[in-house]
file work29.pdb (PDB, C-alpha atoms, pLDDT in the B column)
ATOM      1  CA  MET Q 732      40.828 -14.656  44.571  1.00 95.00           C
ATOM      2  CA  ALA Q 733      38.398 -11.937  43.502  1.00 97.00           C
ATOM      3  CA  ARG Q 734      39.228  -8.287  42.960  1.00 98.00           C
ATOM      4  CA  ILE Q 735      36.923  -5.788  44.655  1.00 98.00           C
ATOM      5  CA  SER Q 736      36.670  -2.038  44.677  1.00 98.00           C
ATOM      6  CA  VAL Q 737      34.716  -0.583  47.572  1.00 98.00           C
ATOM      7  CA  LYS Q 738      34.402   2.719  49.364  1.00 98.00           C
ATOM      8  CA  VAL Q 739      34.343   2.372  53.147  1.00 98.00           C
ATOM      9  CA  ASP Q 740      33.659   5.380  55.356  1.00 97.00           C
ATOM     10  CA  GLY Q 741      34.578   7.642  52.467  1.00 96.00           C
ATOM     11  CA  THR Q 742      37.874   5.953  51.580  1.00 97.00           C
ATOM     12  CA  ALA Q 743      38.266   3.937  48.388  1.00 98.00           C
ATOM     13  CA  TYR Q 744      39.866   0.489  48.610  1.00 98.00           C
ATOM     14  CA  GLU Q 745      40.873  -2.038  45.975  1.00 98.00           C
ATOM     15  CA  ASP Q 746      41.727  -5.503  47.219  1.00 97.00           C
ATOM     16  CA  GLU Q 747      41.925  -9.116  46.283  1.00 97.00           C
ATOM     17  CA  VAL Q 748      39.794 -11.238  48.572  1.00 98.00           C
ATOM     18  CA  GLU Q 749      38.716 -14.821  48.913  1.00 97.00           C
ATOM     19  CA  PRO Q 750      35.237 -15.085  47.359  1.00 97.00           C
ATOM     20  CA  ARG Q 751      33.936 -16.548  50.640  1.00 97.00           C
ATOM     21  CA  LEU Q 752      35.270 -13.722  52.862  1.00 98.00           C
ATOM     22  CA  LEU Q 753      32.477 -12.125  54.866  1.00 97.00           C
ATOM     23  CA  LEU Q 754      32.163  -8.360  54.803  1.00 98.00           C
ATOM     24  CA  VAL Q 755      32.529  -8.166  58.591  1.00 97.00           C
ATOM     25  CA  HIS Q 756      35.894  -9.924  58.398  1.00 97.00           C
ATOM     26  CA  TYR Q 757      37.005  -7.737  55.494  1.00 98.00           C
ATOM     27  CA  LEU Q 758      36.182  -4.620  57.513  1.00 98.00           C
ATOM     28  CA  ARG Q 759      37.844  -5.833  60.701  1.00 97.00           C
ATOM     29  CA  ASP Q 760      40.759  -7.941  59.531  1.00 97.00           C
ATOM     30  CA  ARG Q 761      41.747  -6.285  56.248  1.00 97.00           C
ATOM     31  CA  LEU Q 762      40.821  -2.672  56.920  1.00 98.00           C
ATOM     32  CA  GLY Q 763      41.287  -2.616  60.708  1.00 97.00           C
ATOM     33  CA  LEU Q 764      37.810  -1.178  61.316  1.00 96.00           C
ATOM     34  CA  THR Q 765      37.133  -3.016  64.544  1.00 95.00           C
ATOM     35  CA  GLY Q 766      34.168  -0.840  65.500  1.00 94.00           C
ATOM     36  CA  THR Q 767      31.990  -3.382  63.719  1.00 95.00           C
ATOM     37  CA  PRO Q 768      31.990  -6.368  66.087  1.00 94.00           C
ATOM     38  CA  VAL Q 769      31.596 -10.003  65.161  1.00 93.00           C
ATOM     39  CA  GLY Q 770      28.657 -11.163  67.199  1.00 86.00           C
ATOM     40  CA  CYS Q 771      26.955 -14.420  66.467  1.00 84.00           C
ATOM     41  CA  ASP Q 772      28.135 -15.119  62.889  1.00 75.00           C
ATOM     42  CA  THR Q 773      24.566 -16.216  62.106  1.00 82.00           C
ATOM     43  CA  SER Q 774      22.879 -12.817  61.512  1.00 83.00           C
ATOM     44  CA  SER Q 775      20.804 -13.247  64.676  1.00 87.00           C
ATOM     45  CA  CYS Q 776      22.272 -10.532  66.908  1.00 92.00           C
ATOM     46  CA  GLY Q 777      22.761  -7.548  64.569  1.00 93.00           C
ATOM     47  CA  ALA Q 778      25.961  -6.355  66.262  1.00 94.00           C
ATOM     48  CA  CYS Q 779      27.728  -6.277  62.884  1.00 96.00           C
ATOM     49  CA  THR Q 780      25.156  -4.050  61.161  1.00 96.00           C
ATOM     50  CA  VAL Q 781      26.622  -1.577  58.665  1.00 97.00           C
ATOM     51  CA  GLU Q 782      25.210   0.367  55.740  1.00 97.00           C
ATOM     52  CA  LEU Q 783      25.804  -0.927  52.242  1.00 98.00           C
ATOM     53  CA  ASP Q 784      24.734   1.538  49.570  1.00 97.00           C
ATOM     54  CA  GLY Q 785      22.535   3.319  52.096  1.00 94.00           C
ATOM     55  CA  ALA Q 786      20.686   0.302  53.510  1.00 93.00           C
ATOM     56  CA  SER Q 787      21.493  -1.454  56.759  1.00 93.00           C
ATOM     57  CA  VAL Q 788      22.820  -4.992  56.388  1.00 96.00           C
ATOM     58  CA  LYS Q 789      24.232  -7.518  58.772  1.00 96.00           C
ATOM     59  CA  SER Q 790      27.809  -7.731  57.567  1.00 97.00           C
ATOM     60  CA  CYS Q 791      28.165 -11.333  58.761  1.00 95.00           C
ATOM     61  CA  SER Q 792      25.629 -12.330  56.108  1.00 95.00           C
ATOM     62  CA  VAL Q 793      27.166 -10.386  53.212  1.00 97.00           C
ATOM     63  CA  LEU Q 794      30.228 -11.442  51.281  1.00 98.00           C
ATOM     64  CA  ALA Q 795      32.905  -8.830  50.666  1.00 98.00           C
ATOM     65  CA  VAL Q 796      32.548  -9.489  46.932  1.00 98.00           C
ATOM     66  CA  GLN Q 797      28.886  -8.445  47.180  1.00 98.00           C
ATOM     67  CA  ALA Q 798      30.077  -4.997  48.264  1.00 98.00           C
ATOM     68  CA  ASP Q 799      32.162  -4.642  45.090  1.00 98.00           C
ATOM     69  CA  GLY Q 800      31.437  -1.266  43.531  1.00 98.00           C
ATOM     70  CA  GLY Q 801      29.472  -0.232  46.581  1.00 98.00           C
ATOM     71  CA  GLU Q 802      29.771   2.111  49.493  1.00 98.00           C
ATOM     72  CA  VAL Q 803      29.930   0.883  53.073  1.00 98.00           C
ATOM     73  CA  THR Q 804      29.419   3.047  56.134  1.00 98.00           C
ATOM     74  CA  THR Q 805      30.432   1.698  59.523  1.00 98.00           C
ATOM     75  CA  VAL Q 806      29.784   3.223  62.920  1.00 96.00           C
ATOM     76  CA  GLN Q 807      33.346   4.532  62.759  1.00 95.00           C
ATOM     77  CA  GLY Q 808      32.485   6.565  59.688  1.00 96.00           C
ATOM     78  CA  LEU Q 809      29.608   8.486  61.254  1.00 96.00           C
ATOM     79  CA  ALA Q 810      31.363  11.172  63.293  1.00 93.00           C
ATOM     80  CA  ARG Q 811      32.624  14.164  61.342  1.00 89.00           C
ATOM     81  CA  ASP Q 812      35.687  16.050  62.528  1.00 90.00           C
ATOM     82  CA  GLY Q 813      35.429  14.284  65.878  1.00 89.00           C
ATOM     83  CA  GLU Q 814      31.805  15.337  66.374  1.00 94.00           C
ATOM     84  CA  TRP Q 815      29.244  12.645  67.053  1.00 94.00           C
ATOM     85  CA  THR Q 816      25.982  12.601  65.155  1.00 94.00           C
ATOM     86  CA  PRO Q 817      22.819  13.464  67.100  1.00 94.00           C
ATOM     87  CA  LEU Q 818      22.031   9.744  67.231  1.00 95.00           C
ATOM     88  CA  GLN Q 819      25.420   8.886  68.727  1.00 95.00           C
ATOM     89  CA  ARG Q 820      25.035  11.716  71.260  1.00 96.00           C
ATOM     90  CA  ALA Q 821      21.552  10.499  72.167  1.00 96.00           C
ATOM     91  CA  PHE Q 822      22.894   6.994  72.856  1.00 96.00           C
ATOM     92  CA  HIS Q 823      25.478   8.540  75.183  1.00 95.00           C
ATOM     93  CA  GLU Q 824      23.111  10.986  76.882  1.00 96.00           C
ATOM     94  CA  GLN Q 825      20.325   8.436  77.371  1.00 95.00           C
ATOM     95  CA  HIS Q 826      22.744   5.786  78.725  1.00 94.00           C
ATOM     96  CA  ALA Q 827      21.686   3.447  75.926  1.00 94.00           C
ATOM     97  CA  LEU Q 828      24.555   1.054  76.394  1.00 88.00           C
ATOM     98  CA  GLN Q 829      26.200  -0.978  79.062  1.00 87.00           C
ATOM     99  CA  CYS Q 830      28.908  -3.214  77.675  1.00 89.00           C
ATOM    100  CA  GLY Q 831      28.661  -1.456  74.287  1.00 88.00           C
ATOM    101  CA  TYR Q 832      28.965  -4.612  72.208  1.00 90.00           C
ATOM    102  CA  CYS Q 833      25.617  -4.196  70.455  1.00 92.00           C
ATOM    103  CA  THR Q 834      25.819  -0.410  70.230  1.00 95.00           C
ATOM    104  CA  PRO Q 835      27.373  -0.110  66.737  1.00 95.00           C
ATOM    105  CA  GLY Q 836      24.683  -2.330  65.249  1.00 95.00           C
ATOM    106  CA  MET Q 837      21.910  -0.608  67.177  1.00 96.00           C
ATOM    107  CA  ILE Q 838      23.060   2.809  65.978  1.00 97.00           C
ATOM    108  CA  MET Q 839      23.310   1.674  62.370  1.00 96.00           C
ATOM    109  CA  ALA Q 840      19.869   0.028  62.456  1.00 96.00           C
ATOM    110  CA  ALA Q 841      18.398   3.117  64.138  1.00 96.00           C
ATOM    111  CA  ARG Q 842      19.872   5.316  61.384  1.00 95.00           C
ATOM    112  CA  ASP Q 843      18.067   3.197  58.835  1.00 94.00           C
ATOM    113  CA  LEU Q 844      14.796   3.588  60.731  1.00 96.00           C
ATOM    114  CA  LEU Q 845      15.145   7.356  61.156  1.00 96.00           C
ATOM    115  CA  ARG Q 846      15.998   7.824  57.509  1.00 94.00           C
ATOM    116  CA  GLU Q 847      12.752   6.079  56.540  1.00 94.00           C
ATOM    117  CA  ASN Q 848      10.650   7.328  59.452  1.00 95.00           C
ATOM    118  CA  PRO Q 849      12.016  10.502  61.054  1.00 95.00           C
ATOM    119  CA  ASP Q 850       9.290  10.597  63.713  1.00 95.00           C
ATOM    120  CA  PRO Q 851       8.736   7.043  64.991  1.00 97.00           C
ATOM    121  CA  ASP Q 852       6.867   6.103  68.118  1.00 97.00           C
ATOM    122  CA  ALA Q 853       8.291   3.692  70.694  1.00 97.00           C
ATOM    123  CA  ASP Q 854       6.605   0.655  69.137  1.00 98.00           C
ATOM    124  CA  GLU Q 855       8.028   1.498  65.713  1.00 98.00           C
ATOM    125  CA  VAL Q 856      11.516   1.831  67.230  1.00 97.00           C
ATOM    126  CA  ARG Q 857      11.201  -1.545  68.931  1.00 97.00           C
ATOM    127  CA  GLU Q 858       9.998  -3.160  65.704  1.00 96.00           C
ATOM    128  CA  ALA Q 859      12.840  -1.624  63.674  1.00 96.00           C
ATOM    129  CA  LEU Q 860      15.434  -2.841  66.179  1.00 95.00           C
ATOM    130  CA  GLU Q 861      14.024  -6.324  66.660  1.00 93.00           C
ATOM    131  CA  GLY Q 862      16.827  -7.812  64.543  1.00 90.00           C
ATOM    132  CA  ASN Q 863      19.412  -6.429  66.976  1.00 92.00           C
ATOM    133  CA  MET Q 864      19.970  -8.149  70.276  1.00 92.00           C
ATOM    134  CA  CYS Q 865      21.220  -6.600  73.501  1.00 90.00           C
ATOM    135  CA  ARG Q 866      21.992  -8.819  76.446  1.00 87.00           C
ATOM    136  CA  CYS Q 867      22.662  -6.021  78.946  1.00 87.00           C
ATOM    137  CA  THR Q 868      20.282  -3.073  78.802  1.00 82.00           C
ATOM    138  CA  GLY Q 869      16.696  -4.246  78.615  1.00 82.00           C
ATOM    139  CA  TYR Q 870      16.268  -1.953  75.573  1.00 92.00           C
ATOM    140  CA  GLN Q 871      14.372   0.880  77.296  1.00 94.00           C
ATOM    141  CA  ASN Q 872      17.247   3.360  77.152  1.00 95.00           C
ATOM    142  CA  ILE Q 873      18.000   2.337  73.569  1.00 96.00           C
ATOM    143  CA  VAL Q 874      14.411   3.130  72.570  1.00 97.00           C
ATOM    144  CA  ARG Q 875      14.609   6.376  74.556  1.00 97.00           C
ATOM    145  CA  ALA Q 876      17.832   7.327  72.723  1.00 97.00           C
ATOM    146  CA  VAL Q 877      16.325   6.740  69.285  1.00 97.00           C
ATOM    147  CA  LEU Q 878      13.264   8.789  70.203  1.00 97.00           C
ATOM    148  CA  ALA Q 879      15.484  11.585  71.563  1.00 97.00           C
ATOM    149  CA  ALA Q 880      17.500  11.624  68.343  1.00 96.00           C
ATOM    150  CA  ALA Q 881      14.293  11.750  66.315  1.00 96.00           C
ATOM    151  CA  ALA Q 882      13.110  14.701  68.390  1.00 94.00           C
ATOM    152  CA  ALA Q 883      16.388  16.589  67.889  1.00 88.00           C
ATOM    153  CA  SER Q 884      16.152  19.426  65.428  1.00 55.00           C
ATOM    154  CA  GLU Q 885      19.442  18.380  63.750  1.00 52.00           C
ATOM    155  CA  GLU Q 886      19.699  16.010  60.813  1.00 48.00           C
ATOM    156  CA  VAL Q 887      19.962  12.515  62.298  1.00 48.00           C
ATOM    157  CA  THR Q 888      21.719  10.830  59.406  1.00 45.00           C
ATOM    158  CA  ALA Q 889      24.296  13.566  58.781  1.00 46.00           C
TER
END
call {"tool": "encode", "arguments": {"input": "work29.pdb", "output": "structure tokens"}}
result
Amino acid sequence: MARISVKVDGTAYEDEVEPRLLLVHYLRDRLGLTGTPVGCDTSSCGACTVELDGASVKSCSVLAVQADGGEVTTVQGLARDGEWTPLQRAFHEQHALQCGYCTPGMIMAARDLLRENPDPDADEVREALEGNMCRCTGYQNIVRAVLAAAAASEEVTA
């Protein structure tokens, strides 16, 4: 067993974990944060994307021990006082989801893009999200949502 100390969505945790435990399973099974879905377990779909120390990572390809001393933000940690971020609102308003399975990963990857490029064009959005797969929507409304969030006057990554 390995001892880890990690902050997740603003809460500090100290745990003993198997060295081979994936971050996605730590978040879901140990911490009960089921908003981060297990998709493909091969890092192909991006559904499990979270932020680790401010950068988006596919949590099925990161060991929990690699997050030791770090800070993880999941989609569940974005809303403040029950208020969605502009990006979350844009996904809702632009109907950027159908089944919703890929949505947490799409939102987290889009946050990463908008932090680096606050005014992307549609091609840049598509390129930034190419590591995230959606089997339902056809992506157009997802791209539209990211562009709408970028156009919002509010801070996207708040």
call {"tool": "residues_around", "arguments": {"input": "work29.pdb", "residues": "Leu860 (chain Q)", "least_positions_apart": "5", "cutoff": "10 Å", "atoms": "only C-alpha atoms", "output": "PyMOL selection string"}}
result
chain Q and resi 777+836-841+843-844+854-855+870+873-874
call {"tool": "resolve_selection", "arguments": {"input": "work29.pdb", "expression": "the PyMOL selection byres ((chain Q and resi 737) around 7)", "output": "count of residues only"}}
result
12
call {"tool": "closest_atom_pairs", "arguments": {"input": "work29.pdb", "of": "region 743-817 of chain Q", "to": "region 824-835 of chain Q", "cutoff": "7 Å", "atoms": "only C-alpha atoms", "output": "JSON lines"}}
result
{"residue": "Q:Gly766", "atom": "CA", "partner": "Q:Pro835", "partner_atom": "CA", "distance": 6.9}
{"residue": "Q:Thr767", "atom": "CA", "partner": "Q:Pro835", "partner_atom": "CA", "distance": 6.4}
{"residue": "Q:Ala778", "atom": "CA", "partner": "Q:Cys833", "partner_atom": "CA", "distance": 4.7}
{"residue": "Q:Val806", "atom": "CA", "partner": "Q:Pro835", "partner_atom": "CA", "distance": 5.6}
call {"tool": "resolve_selection", "arguments": {"input": "work29.pdb", "expression": "the PyMOL selection byres ((chain Q and resi 882) around 12)", "output": "ChimeraX atom specification"}}
result
/Q:817-818,821,845,848-852,875-881,883-887
call {"tool": "closest_residue", "arguments": {"input": "work29.pdb", "among": "Q:Leu794, Q:Met864, Q:Leu783, Q:Leu764", "to": "Pro750 (chain Q)", "atoms": "all atoms listed in the file"}}
result
Q:Leu794
call {"tool": "residues_around", "arguments": {"input": "work29.pdb", "residues": "Thr805 (chain Q)", "least_positions_apart": "3", "cutoff": "7 Å", "atoms": "all atoms listed in the file", "output": "ChimeraX atom specification"}}
result
/Q:740,767,781-782,808
call {"tool": "write_last_selection", "arguments": {"input": "work29.pdb", "atoms": "C-alpha atoms", "output": "JSON list (two decimals), in the coordinates of the input"}}
result
[["chain", "number", "residue", "atom", "x", "y", "z"],
["Q", 740, "ASP", "CA", 33.66, 5.38, 55.36],
["Q", 767, "THR", "CA", 31.99, -3.38, 63.72],
["Q", 781, "VAL", "CA", 26.62, -1.58, 58.66],
["Q", 782, "GLU", "CA", 25.21, 0.37, 55.74],
["Q", 808, "GLY", "CA", 32.48, 6.56, 59.69]]
call {"tool": "atom_distance", "arguments": {"input": "work29.pdb", "atom1": "CA of Arg846 (chain Q)", "atom2": "CA of Val803 (chain Q)"}}
result
16.2 Å
call {"tool": "closest_residue", "arguments": {"input": "work29.pdb", "among": "Q:Ala795, Q:Cys776, Q:Cys867, Q:Ala733", "to": "Asp760 (chain Q)", "atoms": "all atoms listed in the file"}}
result
Q:Ala795
call {"tool": "atom_distance", "arguments": {"input": "work29.pdb", "atom1": "CA of Gln819 (chain Q)", "atom2": "CA of Gln807 (chain Q)"}}
result
10.8 Å
call {"tool": "atom_distance", "arguments": {"input": "work29.pdb", "atom1": "CA of Val748 (chain Q)", "atom2": "CA of Ser792 (chain Q)"}}
result
16.1 Å
call {"tool": "closest_residue", "arguments": {"input": "work29.pdb", "among": "Q:Cys791, Q:Leu754, Q:Ala853, Q:Cys865", "to": "Val769 (chain Q)", "atoms": "only C-alpha atoms"}}
result
Q:Cys791
call {"tool": "closest_residue", "arguments": {"input": "work29.pdb", "among": "Q:Thr868, Q:Gln797, Q:Thr742, Q:Ser790", "to": "Asp772 (chain Q)", "atoms": "only C-alpha atoms"}}
result
Q:Ser790
call {"tool": "closest_residue", "arguments": {"input": "work29.pdb", "among": "Q:Asp784, Q:Glu847, Q:Asp746, Q:Glu858", "to": "Leu762 (chain Q)", "atoms": "all atoms listed in the file"}}
result
Q:Asp746
call {"tool": "closest_residue", "arguments": {"input": "work29.pdb", "among": "Q:Leu753, Q:Arg842, Q:Glu861, Q:Thr804", "to": "Phe822 (chain Q)", "atoms": "only C-alpha atoms"}}
result
Q:Arg842
call {"tool": "axis_aligned_box", "arguments": {"input": "work29.pdb", "around": "region 816-820 of chain Q", "padding_each_side": "8 Å", "output": "lines of an AutoDock Vina configuration file"}}
result
center_x = 24.0
center_y = 11.2
center_z = 68.2
size_x = 20.0
size_y = 20.6
size_z = 22.1
